[in-house]
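Participant: Submitted below is the structure of interest, expressed as C-alpha cells.
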Amino acid sequence: MKRIAALAVGSALLAPLAANAGGVSQPVPEPVVAAPVVQVTPAANWTGFYGGVSLGYGDVNTDTNIANGSGVIGGVLGGYRYDFGNWVAGAEADYDWSNADLGDTGNSSLDAIYRFKLQAGVPVANGRALVYGTAGIARANTTINGDGVSSNGWVAGIGTDYALTDKWILGGEVLWNQFNDFGNAGVDGDVMTIKARLAYRF
C-alpha cells in the first residue's frame with residue numbers, strides 16, 4: 001500500500017515536468033549574413049607586342065627663327081614591353097606625318113618624323129596604368145623653300161598608358177625632338193609633340 005502511495009506521489013510530481021518538456025521552444029538559428037562581394041579589377045600585365053595610332057599637335061622652332069610653325073601631327077606606332085612586376089621596360093618605333101607650315105620661308109613644312117625609343121616605367125592604379133619615360137633617336141624630313149631637307153637627332157619625353165581591356169590601351173605622350181644642322185646649313189631645330197595614342201596588344 002505504501003509502495004502504491006509513493007508511486008502515485010512520484011507520478012504527480014513528474015507530470016508537470018513531462019508536460020513542460022514538450023513545450024520547450026527550440027532555439028532559433030541566427031540569420032546568416034553574406035559578406036559583401038568586392039569587385040577587384042585585376043592588375044594588367046604589360047608584357048607583349050602592341051601596335052596602334054596616334055594624333056596630336058606639333059610645334060616647330062629653329063635657332064634662326066626663320067622656319068617656325070605648328071600643326072597637326074600623327075601616325076602609327078609599334079613596340080614590345082616586358083613587365084618585371086614593379087617596373088616595365090620596352091622599345092618602340094613610330095612614324096609621324098605632319099602638315100606643320102614653317103613660317104615665312106615660302107614652300108616650307110615639317111613632313112615627317114621617324115623615331116626609335118626605349119621605355120622604362122612604373123605600373124600604378126592597381127597595375128592598370130603605366131607611367132613611363134622614354135628616349136631614343138629621331139629623324140625629321142622637312143621641305144625648305146621647296147627642297148627636301150632631313151636631319152638626325154634625338155628624342156626624350158614622358159607618357160602614360162591605361163589598359164582599357166586586356167587588349168586595348170589608351171594613352172598620351174609628350175615628346176621633345178631635337179635636330180641639328182638641317183641640310184648641312186647650320187640650322188638647328190626642335191619639335192615638341194603632344195599626342196593621344198590608341199594601341200592594340202597582340
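Identifiers in the C-alpha cells: chain A, B, ... in order shown; residue index from 1 per chain; ligand index from 1 in order shown.
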Considering only C-alpha atoms, return as a PyMOL selection string whatever protein or nucleic-acid residues lie within 7 Å of region 61-64 of chain A, sequence-local ones (same chain, fewer than 6 positions apart) excluded.
Facilitator: chain A and resi 187-191
Participant: For Gly52 (chain A), please output as a list in words all residues within 7 Å (counting only C-alpha atoms; exclusion window: fewer than 3 positions along the same chain).
Facilitator: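 Close residues of Gly52 (chain A): Val76, Leu77, Gly78, Leu198, Ala199 and Tyr200 of chain A.
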Participant: Which polymer residues have any atom within 10 Å of an atom of Tyr80 (chain A), counting only C-alpha atoms, with same-chain residues fewer than 6 positions away left out, as a PyMOL selection string?
Facilitator: chain A and resi 46-51+89-93+118-119+201-202
Participant: Just how far from CA of Glu173 (chain A) is CA of Gly136 (chain A), in Å to one decimal?
Facilitator: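 Spanning CA of Gly136 (chain A) to CA of Glu173 (chain A) is a straight-line distance of 14.2 Å.
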Participant: Pick out the residues sitting within 7 Å of Gly69 (chain A), and hand them over as a list in words; count only C-alpha atoms, and ignore anything fewer than 3 positions along from it in its own chain.
Facilitator: Asp59, Val60, Asn61, Ala100, Asp101, Leu102 and Gly103 of chain A
Participant: What's the separation between CA of Val72 (chain A) and CA of Phe182 (chain A), in Å to one decimal place?
Facilitator: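 Atom-to-atom, CA of Val72 (chain A) and CA of Phe182 (chain A) are spaced 21.4 Å apart.
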Participant: Which residue out of A:Val149, A:Ile73, A:Ile194, A:Ala156 has the minimum interatomic distance to Ile137 (chain A) when only C-alpha atoms are used?
Facilitator: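 For Ile137 (chain A), the nearest of the given residues is A:Ala156.
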Participant: Which of these, A:Thr142, A:Thr193, A:Asn68, A:Thr134, has the shortest distance to Gly121 (chain A) once you count only C-alpha atoms?
Facilitator: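 Comparing A:Thr142, A:Thr193, A:Asn68, A:Thr134 against Gly121 (chain A), the winner is A:Thr134.
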Participant: Between A:Val122, A:Gly146, A:Gly186, A:Asn141, single out the one closest to Ile158 (chain A), counting only C-alpha atoms.
Facilitator: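 Distance minimum relative to Ile158 (chain A) lands on A:Val122.
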Participant: List the neighbours of Met192 (chain A) out to 6 Å using only C-alpha atoms; skip same-chain residues closer than 6 positions along the sequence, and give me the result as a list in words.
Facilitator: Gly58, Asp59, Leu175 and Trp176 of chain A
Participant: Please produce a file of those selected residues containing C-alpha atoms, as a PDB file, in the first residue's frame.
Facilitator:
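File produced: out-v2.pdb:
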ATOM      1  CA  GLY A  58      53.431  69.605 -83.105  1.00  0.00           C
ATOM      2  CA  ASP A  59      55.264  72.887 -82.523  1.00  0.00           C
ATOM      3  CA  LEU A 175      57.981  64.325 -76.698  1.00  0.00           C
ATOM      4  CA  TRP A 176      60.825  66.769 -77.161  1.00  0.00           C
TER       5      TRP A 176
END
